[in-house]
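S.K.: This is the structure I have questions about; it appears just below.
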Amino acid sequence: MSTAPLLPLIRPRPRAEASASRVWLAGRSAMLIALYYGVGLWGFVFTPDAYGIPLVWPATGVGLTFVYLYGYRLLPALGIAVSLVTWQFTSTMMPLAEALGIIVATLAGVALGAHGLRRFRFSPGFERLRDVWLLLVIGGLAASGTAAAAGAWGVAASMETLSLGDTWWLCWMADLMGLMLVAPVLLAWLGADLTRHVEQNHAKAAALGFSLVAIAGVVYAGDLPIGVAMPLSYAIFPLVMLAALRCPVQVTTALTMVAGTIALSGTGWGMGPFAELGLDVSLLSLNAQLALLVLTALVLSALRGEREAAEARARQHLDELARAGRLSTLGELSAGLAHELNQPLCALASYAQASKRLLERGRTEELKEALGQLNASAHRAAETVRQIRAFAAEGHDPEFSSIALPDLLKPVIDLLGPELRRNHVQMEVSLPDPPPHIRVAPVQMEQVLVNLLRNAMEATADRAGGQICLSVLREGAQLRLSVTDNGPGIPENRLPGIFDPFATWKSGGLGLGLSISRSLVEAHGGHMVARNREEGGAEFQFTLPMEDSHART
Amino acid sequence: MPAPKRPHVYLVDDDADVRTAVSLLLKTEDFRVTTFADAGSVLAAVDETTPGCLLLDVRLPDMDGLTLHRHLKARSVAMPVIFITGHGDIPMAVRAVNEGALDFLEKPFHDDALIDGVRQALALDAEQRAGAAEMAEVEERLASLTPRERQVLEALLDGQPNKLIARALDVSVRTVEIHRGHLMQKMGAKSASHLARLALACADYRDRLVPG
């Protein structure tokens, strides 16, 4: 924080707030009117003489986007925009009452569409497939359908060159195409949060944009024969697909809009492969191609968004599971920990009480010795606390670091040492020489090792000659870590699902330890297996990539 | 190891620090303390003749404290037991007391609680031992009675007068009186009621006690 933000912390007076809001509304309204009028102007280029109606009508999409994003208070501005367009382009052939009917129906359709989008929690980032369908179904049916019906009714009534049904169909197609062309890009740029995307590669976006404009320019404004231009027009698809998979949705939608605008404009002005078919047929078939292009882009974007969201959820879930596992491991350890802590506390209290009594009796030599022992006890207690803290240290945001294997193992062995001694279990550790370095999140790896070793210890705890063994082998570019015990082994029917969460057969455990351990090992790029040894006892093996070959994905 | 004649506090805990500290504390009150690190060495060291009391940690390396207590009872070691534990586990405390433990102290304990407990345990042990010694003597005297004297004693415990006893045994009343005099003397009884009390305290005649 710099020194500047003192001022913004002072709340603006309500009057200023209200006037700011008025300015904002005026700004958005002006923007809506300008855009609506602009795309309307542009749309009328695509009016074949045969029909007298435009075959691409993006204006409704503009209206829908603004009313959805900024609320019904933009409806008056939309009314003005629709009036302007209607008055300018159709006043000569339409009575006032019918023009008013078109305006009201358009407003109603847009309001209905905006309401539907809000009602079904449409999100303008297109990060879910349902957002694509919502826009097409609600925008396409409610907004475009109603607006198109109004337009068709007006046009058909005044021109009588086409049946009402055919007119409505053409109007609706035009509206839908327009909607698909402008609504996604407006929604994405005005409504979605650009910063939410992980990857922001401006160079890549620029390169894609440049290639796309170049191809579209050559196809729709160049002088290529139709046999070349027509197939080349499909070259836009892979570019848009690449954008959908790699770039923020804002870039993708902008690309589809640019491609669509160039294609439609070129075709409208009689250029490009579709133009040779005549305006009415060419626009319909170009519309179909563009609709597929937009749909491809949006669906791919949404699928990527869903995949990213699923991955984020999985990561979070794994973190939570690891955390829960830590807590449960701590819970399992807590009985042991209470013992570990109460022992030195008991010794401390007893030394102190003995010291008091020795002091009262004037036995200073013994008192001196008792106080020395008290001091030593306190230090041992502090060491126990330090070990517990080291173990319980927050593992929420694991940090990978390069660590020598013995340094990784030491805290684990220290932590389990007292329990091993108490359970009369021998532990043998064998490491490769020289000890390798590995790149791991040490806290997580410690947890894996503690889980496996505690399991092994518990399996051998009440047996004579209990022995567990941790051995590490270098195996090409990876390390193979193996924890074995000479206990009773794993019941055969438990073996297949042993890594499933809550698959415990011990009392007092949650059954999360192995599940978490395997997840953590897999997050490190290794894998874990369990088996029963022929000579008796269980074995858990896992691999870890060695440092030089480790690549984080 | 020969059992010490004087009562000791037998402290069993796996933690050397705790053993040193607690025995130091007990020694300030002039208790004699012997410490053990595990259950096995306790079982090897004490028997039913050992006077004293036991301070048992619930968690021991080779078996838990309650199991050790059961093993000791099975060997007729009747020393009072005070459990000490690092984690207050109420169900376990209840179980321990139900199985005959004198007390259950949570670590770290108050010195007064520990010392009072130990004092009480040693007093109880002494009392039990004195009672047992007396009992042993009575049993010994009872064993010195002749079969005839035993018959007379049993009839007396049934509350029969001399005349009835004489008839039942087919002897003269005078003979019964002579047997009775001998057995009173052998048992060290000062009166008929004292004799009854002594006899009824013994295992052989305990079932003759009539309720009410």
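Going by the structure tokens order, chains are called A, B, ..., each with residues numbered from 1, while ligands are numbered from 1 in the order shown.
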Hey, what's within 8 Å of Ser23 of chain B if we count only C-alpha atoms and toss same-chain stuff fewer than 6 positions away? As a PyMOL selection string, please?
M.R.: chain B and resi 11+33-35
S.K.: Would you write out those residues with C-alpha atoms, as a compact mmCIF listing (two decimals), in the first residue's frame?
M.R.:
```txt
# COMPACT_ATOMS: atom_id res chain seq x y z
CA LEU B 11 7.23 -47.33 40.43
CA VAL B 33 11.31 -46.41 46.04
CA THR B 34 12.20 -49.14 43.56
CA THR B 35 11.69 -48.39 39.87
```
S.K.: Check every residue of chain A for an atom within 10 Å of chain B, counting only C-alpha atoms, and provide those that qualify as a ChimeraX atom specification.
M.R.: /A:334-358,361,363,366,370,373-374,376-377,380,419-424,462
S.K.: Store the residues of this selection in a file with C-alpha atoms, as a compact mmCIF listing (two decimals), in the first residue's frame.
M.R.:
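Written file, out_25.txt:
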```txt
# COMPACT_ATOMS: atom_id res chain seq x y z
CA SER A 334 -2.55 -37.33 19.41
CA ALA A 335 -2.84 -40.14 21.94
CA GLY A 336 0.86 -40.73 21.44
CA LEU A 337 1.55 -37.02 21.53
CA ALA A 338 -0.35 -36.55 24.78
CA HIS A 339 1.84 -39.25 26.24
CA GLU A 340 5.00 -37.75 24.74
CA LEU A 341 4.18 -34.36 26.25
CA ASN A 342 2.77 -35.47 29.56
CA GLN A 343 5.83 -37.54 30.36
CA PRO A 344 8.24 -34.59 30.44
CA LEU A 345 5.57 -32.42 32.08
CA CYS A 346 5.13 -35.03 34.76
CA ALA A 347 8.88 -35.17 35.28
CA LEU A 348 9.07 -31.37 35.40
CA ALA A 349 6.28 -31.07 37.93
CA SER A 350 7.76 -33.82 40.06
CA TYR A 351 11.23 -32.24 40.04
CA ALA A 352 9.71 -28.89 40.97
CA GLN A 353 7.66 -30.37 43.79
CA ALA A 354 10.62 -32.36 45.05
CA SER A 355 12.76 -29.21 44.88
CA LYS A 356 10.26 -27.31 47.00
CA ARG A 357 10.30 -30.06 49.61
CA LEU A 358 14.10 -30.29 49.56
CA ARG A 361 14.13 -29.30 54.53
CA ARG A 363 18.79 -30.24 51.66
CA GLU A 366 20.04 -32.58 46.53
CA ALA A 370 17.00 -31.76 41.27
CA GLN A 373 17.44 -32.39 36.21
CA LEU A 374 14.39 -30.16 35.98
CA ALA A 376 17.25 -30.95 31.37
CA SER A 377 13.67 -32.23 31.38
CA ARG A 380 13.65 -32.48 26.32
CA GLU A 419 6.60 -44.85 19.14
CA LEU A 420 8.83 -47.45 17.54
CA ARG A 421 10.71 -47.91 20.79
CA ARG A 422 7.53 -48.11 22.79
CA ASN A 423 6.13 -50.73 20.45
CA HIS A 424 9.45 -52.60 20.41
CA ASP A 462 2.04 -56.50 19.11
```
S.K.: Tell me which protein, DNA and RNA residues are within 10 Å of segment 188-201 of chain B, counting only C-alpha atoms, leaving out same-chain ones fewer than 5 positions away, and put them as a PDB file with C-alpha atoms, in the first residue's frame.
M.R.:
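Contents of part_16.pdb, as written:
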```
ATOM      1  CA  GLU B 134      -3.562 -63.053  62.178  1.00  0.00           C
ATOM      2  CA  MET B 135      -5.682 -65.193  59.930  1.00  0.00           C
ATOM      3  CA  VAL B 138      -5.871 -68.848  63.597  1.00  0.00           C
ATOM      4  CA  GLU B 139      -5.763 -71.308  60.694  1.00  0.00           C
ATOM      5  CA  ARG B 141      -4.375 -73.243  65.608  1.00  0.00           C
ATOM      6  CA  LEU B 142      -7.443 -74.664  64.014  1.00  0.00           C
ATOM      7  CA  LEU B 153     -16.279 -76.879  67.938  1.00  0.00           C
ATOM      8  CA  GLU B 154     -18.624 -77.412  65.028  1.00  0.00           C
ATOM      9  CA  LEU B 156     -20.750 -75.244  69.460  1.00  0.00           C
ATOM     10  CA  LEU B 157     -20.826 -73.067  66.343  1.00  0.00           C
ATOM     11  CA  ASP B 158     -24.248 -74.576  65.622  1.00  0.00           C
ATOM     12  CA  GLY B 159     -25.286 -73.237  69.048  1.00  0.00           C
ATOM     13  CA  ARG B 180     -14.244 -77.625  75.084  1.00  0.00           C
ATOM     14  CA  GLY B 181     -11.634 -76.456  77.576  1.00  0.00           C
ATOM     15  CA  HIS B 182      -8.827 -77.847  75.408  1.00  0.00           C
ATOM     16  CA  LEU B 183     -10.069 -76.289  72.269  1.00  0.00           C
ATOM     17  CA  ARG B 206     -17.150 -68.908  57.008  1.00  0.00           C
ATOM     18  CA  ASP B 207     -20.252 -70.489  55.483  1.00  0.00           C
ATOM     19  CA  ARG B 208     -21.710 -71.156  58.906  1.00  0.00           C
ATOM     20  CA  LEU B 209     -22.415 -67.489  59.387  1.00  0.00           C
TER      21      LEU B 209
END
```
S.K.: Could you write out, as a count of residues only, all the residues of segment 26-204 of chain B that DSSP marks as alpha helix (DSSP H)?
M.R.: 105
